[in-house]
file coords.cif (mmCIF, C-alpha atoms)
data_query
loop_
_atom_site.label_atom_id
_atom_site.label_comp_id
_atom_site.auth_asym_id
_atom_site.auth_seq_id
_atom_site.Cartn_x
_atom_site.Cartn_y
_atom_site.Cartn_z
CA MET A 666 12.25 -24.93 1.91
CA SER A 667 13.67 -22.33 -0.49
CA ARG A 668 16.61 -23.30 -2.69
CA ILE A 669 19.28 -20.68 -3.31
CA LEU A 670 22.10 -20.75 -5.85
CA VAL A 671 25.26 -18.86 -4.86
CA ALA A 672 27.41 -17.93 -7.87
CA GLU A 673 30.74 -16.75 -6.46
CA ASP A 674 34.27 -17.66 -7.54
CA GLU A 675 36.04 -16.65 -4.31
CA TRP A 676 35.67 -19.76 -2.17
CA GLY A 677 36.11 -17.90 1.13
CA ILE A 678 33.09 -15.69 0.38
CA ALA A 679 31.08 -18.53 -1.14
CA SER A 680 31.71 -20.78 1.86
CA PHE A 681 30.74 -18.00 4.26
CA VAL A 682 27.44 -17.35 2.41
CA LEU A 683 26.59 -21.02 1.93
CA LYS A 684 27.21 -21.82 5.58
CA GLY A 685 25.06 -18.89 6.73
CA LEU A 686 22.18 -19.69 4.41
CA ARG A 687 22.13 -23.34 5.44
CA ALA A 688 22.21 -22.38 9.11
CA ASN A 689 19.08 -20.30 8.48
CA GLY A 690 17.13 -23.17 6.95
CA TYR A 691 17.78 -22.68 3.22
CA THR A 692 19.05 -25.26 0.77
CA ALA A 693 22.09 -23.62 -0.81
CA SER A 694 24.21 -24.74 -3.78
CA HIS A 695 27.36 -23.29 -5.31
CA ALA A 696 28.45 -22.31 -8.83
CA ALA A 697 32.06 -21.14 -9.25
CA ASP A 698 31.85 -19.71 -12.79
CA GLY A 699 29.40 -17.95 -15.06
CA ASP A 700 28.61 -20.83 -17.37
CA THR A 701 27.73 -23.13 -14.47
CA ALA A 702 25.67 -20.37 -12.84
CA LEU A 703 23.65 -19.85 -16.02
CA PHE A 704 23.08 -23.57 -16.53
CA GLU A 705 21.94 -24.10 -12.94
CA ALA A 706 19.79 -20.95 -12.76
CA ARG A 707 17.94 -21.96 -15.94
CA SER A 708 17.12 -25.39 -14.50
CA GLY A 709 14.07 -24.14 -12.59
CA GLN A 710 15.31 -25.77 -9.37
CA TYR A 711 16.11 -22.54 -7.53
CA ASP A 712 14.04 -19.83 -5.88
CA LEU A 713 16.76 -17.16 -5.82
CA LEU A 714 20.22 -16.47 -7.24
CA VAL A 715 22.99 -14.68 -5.34
CA LEU A 716 25.23 -13.54 -8.19
CA ASP A 717 28.78 -12.17 -8.10
CA LEU A 718 29.57 -9.80 -10.98
CA GLY A 719 33.22 -10.84 -11.34
CA LEU A 720 32.75 -14.49 -12.31
CA PRO A 721 35.23 -16.25 -14.61
CA GLY A 722 33.95 -17.23 -18.05
CA ARG A 723 30.66 -15.38 -18.36
CA ASP A 724 30.64 -12.45 -15.97
CA GLY A 725 27.66 -11.78 -13.74
CA LEU A 726 26.02 -9.22 -16.01
CA SER A 727 26.28 -11.60 -18.96
CA VAL A 728 24.63 -14.35 -16.88
CA LEU A 729 21.86 -11.98 -15.80
CA ARG A 730 21.13 -10.74 -19.32
CA ALA A 731 21.02 -14.31 -20.63
CA LEU A 732 18.55 -15.30 -17.91
CA ARG A 733 16.22 -12.39 -18.60
CA LYS A 734 16.45 -12.88 -22.36
CA ALA A 735 15.35 -16.48 -21.78
CA LYS A 736 12.42 -15.18 -19.64
CA VAL A 737 13.81 -16.81 -16.48
CA ALA A 738 12.17 -14.80 -13.72
CA ILE A 739 14.30 -16.03 -10.79
CA PRO A 740 14.98 -13.14 -8.36
CA VAL A 741 18.64 -12.09 -8.41
CA VAL A 742 20.65 -10.42 -5.65
CA ILE A 743 23.98 -9.17 -7.00
CA LEU A 744 27.21 -9.17 -5.01
CA THR A 745 29.73 -6.64 -6.21
CA ALA A 746 32.87 -4.82 -5.14
CA ARG A 747 31.87 -2.06 -7.60
CA ASP A 748 29.25 0.06 -5.84
CA ASP A 749 29.39 3.00 -8.27
CA PRO A 750 26.10 4.38 -9.67
CA ALA A 751 26.89 3.32 -13.26
CA THR A 752 27.32 -0.31 -12.21
CA LEU A 753 24.11 -0.18 -10.16
CA VAL A 754 22.07 1.20 -13.06
CA GLU A 755 23.59 -1.29 -15.51
CA GLY A 756 22.78 -4.21 -13.25
CA LEU A 757 19.24 -3.04 -12.53
CA ASP A 758 18.55 -2.50 -16.21
CA ALA A 759 19.86 -6.00 -16.91
CA GLY A 760 17.24 -7.39 -14.53
CA ALA A 761 18.76 -7.50 -11.04
CA ASP A 762 16.35 -7.28 -8.12
CA ASP A 763 18.81 -6.07 -5.50
CA PHE A 764 22.47 -5.22 -4.87
CA ILE A 765 24.78 -5.67 -1.94
CA ALA A 766 28.34 -4.31 -1.93
CA LYS A 767 31.40 -6.19 -0.73
CA PRO A 768 32.45 -6.31 2.03
CA PHE A 769 29.07 -7.04 3.59
CA ARG A 770 27.58 -8.36 6.81
CA PHE A 771 25.76 -11.67 6.47
CA ASP A 772 22.70 -10.39 8.35
CA GLU A 773 22.28 -7.67 5.71
CA LEU A 774 22.49 -10.23 2.89
CA LEU A 775 20.05 -12.49 4.74
CA ALA A 776 17.55 -9.64 5.12
CA ARG A 777 17.69 -8.93 1.39
CA VAL A 778 17.28 -12.62 0.55
CA ARG A 779 14.22 -12.88 2.80
CA THR A 780 12.72 -9.74 1.28
CA ARG A 781 13.16 -10.93 -2.31
CA LEU A 782 11.75 -14.38 -1.55
CA ARG A 783 8.76 -12.84 0.23
CA VAL A 784 8.03 -10.36 -2.58
CA ASP A 785 8.45 -12.84 -5.41
CA HIS A 786 6.25 -15.47 -3.76
CA LEU A 787 3.27 -13.18 -3.26
CA PRO A 788 0.25 -14.33 -5.28
CA THR A 789 -0.36 -11.82 -8.06
CA GLU A 790 -2.61 -11.44 -11.06
CA SER A 791 -0.75 -12.38 -14.21
CA THR A 792 -2.54 -9.92 -16.53
CA LEU A 793 -3.23 -6.28 -15.69
CA ARG A 794 -5.00 -3.70 -17.86
CA PHE A 795 -5.06 0.07 -17.65
CA GLY A 796 -6.49 2.18 -20.45
CA ASP A 797 -4.81 1.05 -23.66
CA ILE A 798 -2.08 -0.80 -21.75
CA GLU A 799 -2.08 -4.57 -21.26
CA PHE A 800 0.56 -5.95 -18.91
CA ASP A 801 1.24 -9.71 -18.97
CA ALA A 802 3.44 -10.64 -16.01
CA ARG A 803 3.67 -14.30 -16.97
CA ALA A 804 4.96 -13.58 -20.48
CA ARG A 805 6.82 -10.41 -19.36
CA ARG A 806 5.09 -8.51 -22.18
CA VAL A 807 3.54 -5.05 -22.41
CA LEU A 808 1.08 -4.09 -25.16
CA LEU A 809 -0.13 -0.61 -26.06
CA ASP A 810 -3.22 -0.63 -28.27
CA GLY A 811 -2.37 -4.27 -28.99
CA ALA A 812 1.16 -3.50 -30.18
CA PRO A 813 4.20 -4.70 -28.16
CA VAL A 814 6.27 -2.08 -26.34
CA GLU A 815 9.92 -2.74 -25.57
CA LEU A 816 10.71 -1.94 -21.94
CA SER A 817 13.91 -2.44 -20.03
CA SER A 818 13.73 -4.78 -17.05
CA ARG A 819 13.61 -1.83 -14.65
CA GLU A 820 11.01 0.09 -16.66
CA TYR A 821 8.92 -3.09 -16.59
CA ARG A 822 9.18 -3.36 -12.80
CA VAL A 823 8.36 0.32 -12.22
CA LEU A 824 5.30 0.03 -14.47
CA GLU A 825 4.21 -3.12 -12.64
CA THR A 826 4.48 -1.28 -9.32
CA PHE A 827 2.13 1.44 -10.55
CA LEU A 828 -0.33 -1.05 -12.06
CA ARG A 829 -0.53 -3.07 -8.85
CA HIS A 830 -1.30 0.08 -6.83
CA PRO A 831 -4.03 1.80 -8.93
CA GLY A 832 -5.16 5.17 -7.60
CA GLN A 833 -2.47 5.19 -4.91
CA ILE A 834 0.04 8.01 -4.65
CA LEU A 835 3.48 6.41 -4.52
CA SER A 836 6.39 8.34 -3.08
CA ARG A 837 9.86 7.99 -4.61
CA GLU A 838 10.87 5.98 -1.53
CA GLN A 839 7.96 3.57 -2.01
CA LEU A 840 8.80 3.13 -5.69
CA LEU A 841 12.42 2.44 -4.83
CA SER A 842 11.35 -0.13 -2.23
CA HIS A 843 8.87 -1.90 -4.52
CA ALA A 844 10.80 -1.73 -7.78
CA TRP A 845 14.41 -1.85 -6.62
CA GLY A 846 14.25 -3.66 -3.29
CA ARG A 847 16.94 -1.44 -1.75
CA ASP A 848 17.43 2.07 -0.44
CA PHE A 849 19.17 4.55 -2.71
CA ALA A 850 20.88 7.71 -1.51
CA ALA A 851 18.54 10.48 -0.48
CA GLY A 852 17.90 12.84 -3.35
CA SER A 853 18.49 10.22 -6.04
CA ASN A 854 16.58 11.10 -9.21
CA ILE A 855 16.56 7.55 -10.59
CA VAL A 856 12.78 7.22 -10.14
CA ASP A 857 12.21 10.41 -12.13
CA VAL A 858 14.41 9.06 -14.93
CA TYR A 859 12.34 5.90 -15.27
CA VAL A 860 9.03 7.75 -15.01
CA ARG A 861 10.10 9.98 -17.90
CA ALA A 862 11.08 6.93 -19.94
CA LEU A 863 7.69 5.27 -19.34
CA ARG A 864 5.84 8.45 -20.29
CA LYS A 865 7.81 8.65 -23.52
CA LYS A 866 6.95 5.05 -24.45
CA LEU A 867 3.38 4.80 -23.13
CA GLY A 868 2.05 8.35 -23.25
CA ALA A 869 2.56 11.48 -21.19
CA ALA A 870 -0.63 11.01 -19.15
CA VAL A 871 0.03 7.42 -18.06
CA ILE A 872 1.79 8.58 -14.87
CA GLU A 873 0.70 11.70 -13.04
CA THR A 874 2.94 13.86 -10.86
CA VAL A 875 1.44 14.71 -7.46
CA ARG A 876 3.42 17.74 -6.36
CA GLY A 877 5.30 17.25 -3.13
CA LEU A 878 4.10 13.65 -2.72
CA GLY A 879 5.22 11.50 -5.66
CA TYR A 880 3.46 9.81 -8.59
CA ARG A 881 0.33 7.83 -9.38
CA LEU A 882 -1.33 6.32 -12.45
CA GLY A 883 -3.01 8.94 -14.60
CA ASP A 884 -6.39 8.70 -16.30
CA GLY A 885 -5.23 6.13 -18.86
CA SER A 886 -5.54 8.50 -21.81
CA ARG A 887 -2.69 9.58 -24.06
CA ARG A 888 -2.13 13.25 -24.73
#
call {"tool": "encode", "arguments": {"input": "coords.cif", "output": "structure tokens"}}
result
Amino acid sequence: MSRILVAEDEWGIASFVLKGLRANGYTASHAADGDTALFEARSGQYDLLVLDLGLPGRDGLSVLRALRKAKVAIPVVILTARDDPATLVEGLDAGADDFIAKPFRFDELLARVRTRLRVDHLPTESTLRFGDIEFDARARRVLLDGAPVELSSREYRVLETFLRHPGQILSREQLLSHAWGRDFAAGSNIVDVYVRALRKKLGAAVIETVRGLGYRLGDGSRR
């Protein structure tokens, strides 16, 4: 049985989410402030964190950054009343796996929870290699020619998506689904932004553009 931590200071919302999760077979616990949420999420007792951004004490982004800095890989679904693109990008870069905007329907939240638990419990290889790149999922570390490369949380996830689908052409929609876990507005160029960032850090040829279709891993060389 999966254990879920709900970090939400508004008791009406927290109670609604806790009740729904428990009714669907999950063990759900509550944290009403950021410090408690961080302490509980770092305990290793939970399989997923539902995290409100507007927590008292440490806010949600501060909690998320502290978790990722400590290499805590718990999947995080953010609840927020701020659904603007800047907030979305900031949260994703801090290490969020998904977003849901308030007000929300519980069935939508439940679907996202199920998706994140299913994705994050898939058996995966911990070390992947491609050309001069070594990707260590367990240590959350990327090496290029043996030297560490600093990637944001989202750059890391986009790279992992490519490495786990070698030779496959990935559309922007597939990359959004695998790396973000949610649908973005049609025409969003966020995938292109992260592909450019990875090319800059790892070499222009690491990701190849397939015109009209999307992207795929290149030949592994650096030009």
call {"tool": "closest_atom_pairs", "arguments": {"input": "coords.cif", "of": "stretch 761-841 of chain A", "to": "stretch 690-695 of chain A", "cutoff": "12 Å", "atoms": "only C-alpha atoms", "output": "Markdown table"}}
result
| residue | atom | partner | partner_atom | distance |
| --- | --- | --- | --- | --- |
| A:Leu775 | CA | A:Tyr691 | CA | 10.5 |
| A:Val778 | CA | A:Tyr691 | CA | 10.4 |
| A:Arg779 | CA | A:Tyr691 | CA | 10.4 |
| A:Leu782 | CA | A:Tyr691 | CA | 11.3 |
call {"tool": "resolve_selection", "arguments": {"input": "coords.cif", "expression": "the PyMOL selection byres ((chain A and resi 834) around 8)", "output": "list in words"}}
result
Gly832, Gln833, Leu835, Ser836, Val875, Leu878, Gly879, Tyr880 and Arg881 of chain A
call {"tool": "residues_around", "arguments": {"input": "coords.cif", "residues": "A:Ile872", "least_positions_apart": "4", "cutoff": "9 Å", "atoms": "all atoms listed in the file", "output": "ChimeraX atom specification"}}
result
/A:827,860-861,863-864,868,880-885
call {"tool": "residues_near_point", "arguments": {"input": "coords.cif", "point": "(11.9, -19.8, -1.8)", "cutoff": "7 Å", "atoms": "all atoms listed in the file", "output": "list in words"}}
result
Met666, Ser667, Arg668, Asp712, Leu713 and Leu782 of chain A
call {"tool": "atom_distance", "arguments": {"input": "coords.cif", "atom1": "atom CA of A:Val856", "atom2": "atom CA of A:Thr752"}}
result
16.5 Å
call {"tool": "closest_atom_pairs", "arguments": {"input": "coords.cif", "of": "stretch 766-839 of chain A", "to": "stretch 732-744 of chain A", "cutoff": "10 Å", "atoms": "all atoms listed in the file", "output": "tab-separated table"}}
result
residue	atom	partner	partner_atom	distance
A:Ala766	CA	A:Leu744	CA	5.9
A:Lys767	CA	A:Leu744	CA	6.7
A:Pro768	CA	A:Leu744	CA	9.2
A:Phe769	CA	A:Leu744	CA	9.1
A:Leu774	CA	A:Val742	CA	8.7
A:Arg777	CA	A:Val742	CA	7.8
A:Val778	CA	A:Val742	CA	7.4
A:Arg781	CA	A:Pro740	CA	6.7
A:Leu782	CA	A:Pro740	CA	7.6
A:Val784	CA	A:Pro740	CA	9.5
A:Asp785	CA	A:Pro740	CA	7.2
A:Ala802	CA	A:Ala738	CA	9.9
A:Arg803	CA	A:Ala738	CA	9.1
A:Ala804	CA	A:Lys736	CA	7.7
A:Arg805	CA	A:Lys736	CA	7.4
A:Ser818	CA	A:Arg733	CA	8.2
call {"tool": "closest_residue", "arguments": {"input": "coords.cif", "among": "A:Leu703, A:Ser708, A:Thr745, A:Arg819", "to": "A:Leu729", "atoms": "only C-alpha atoms"}}
result
A:Leu703
call {"tool": "atom_distance", "arguments": {"input": "coords.cif", "atom1": "atom CA of A:Trp676", "atom2": "atom CA of A:Asp698"}}
result
11.3 Å
call {"tool": "residues_around", "arguments": {"input": "coords.cif", "residues": "A:Arg730", "least_positions_apart": "5", "cutoff": "9 Å", "atoms": "only C-alpha atoms", "output": "ChimeraX atom specification"}}
result
/A:725,735,759-760
call {"tool": "write_last_selection", "arguments": {"input": "coords.cif", "atoms": "C-alpha atoms", "output": "CSV table (one decimal), in the coordinates of the input"}}
result
chain,number,residue,atom,x,y,z
A,725,GLY,CA,27.7,-11.8,-13.7
A,735,ALA,CA,15.4,-16.5,-21.8
A,759,ALA,CA,19.9,-6.0,-16.9
A,760,GLY,CA,17.2,-7.4,-14.5
call {"tool": "residues_around", "arguments": {"input": "coords.cif", "residues": "A:Phe795", "least_positions_apart": "4", "cutoff": "12 Å", "atoms": "all atoms listed in the file", "output": "list in words"}}
result
Glu799, Phe800, Asp801, Val807, Leu808, Leu809, Asp810, Leu824, Glu825, Phe827, Leu828, Arg829, His830, Pro831, Gly832, Leu867, Ala870, Val871, Ile872, Leu882, Gly883, Asp884, Gly885, Ser886 and Arg887 of chain A
call {"tool": "atom_distance", "arguments": {"input": "coords.cif", "atom1": "atom CA of A:Asp724", "atom2": "atom CA of A:Asp700"}}
result
8.7 Å
call {"tool": "closest_residue", "arguments": {"input": "coords.cif", "among": "A:Arg747, A:Phe771, A:Phe704, A:Gly709", "to": "A:Ala688", "atoms": "only C-alpha atoms"}}
result
A:Phe771
call {"tool": "residues_around", "arguments": {"input": "coords.cif", "residues": "A:Val754", "least_positions_apart": "2", "cutoff": "12 Å", "atoms": "only C-alpha atoms", "output": "list in words"}}
result
Leu726, Arg747, Asp748, Asp749, Pro750, Ala751, Thr752, Gly756, Leu757, Asp758, Ala759, Gly760, Ala761, Asp762, Asp763, Phe764, Ser817, Ser818, Arg819, Glu820, Trp845, Phe849, Ser853, Asn854, Ile855, Val856, Val858 and Tyr859 of chain A
call {"tool": "closest_residue", "arguments": {"input": "coords.cif", "among": "A:Ala731, A:Leu840, A:Ala862, A:Ile669", "to": "A:Ala696", "atoms": "all atoms listed in the file"}}
result
A:Ile669
call {"tool": "closest_residue", "arguments": {"input": "coords.cif", "among": "A:Arg687, A:Ile798, A:Leu716, A:Ala776", "to": "A:Glu675", "atoms": "all atoms listed in the file"}}
result
A:Leu716
call {"tool": "closest_residue", "arguments": {"input": "coords.cif", "among": "A:Lys865, A:Ala697, A:Ile765, A:Arg837", "to": "A:Val814", "atoms": "only C-alpha atoms"}}
result
A:Lys865
call {"tool": "closest_residue", "arguments": {"input": "coords.cif", "among": "A:Glu815, A:Ala869, A:Val671, A:Gly796", "to": "A:Ala706", "atoms": "all atoms listed in the file"}}
result
A:Val671
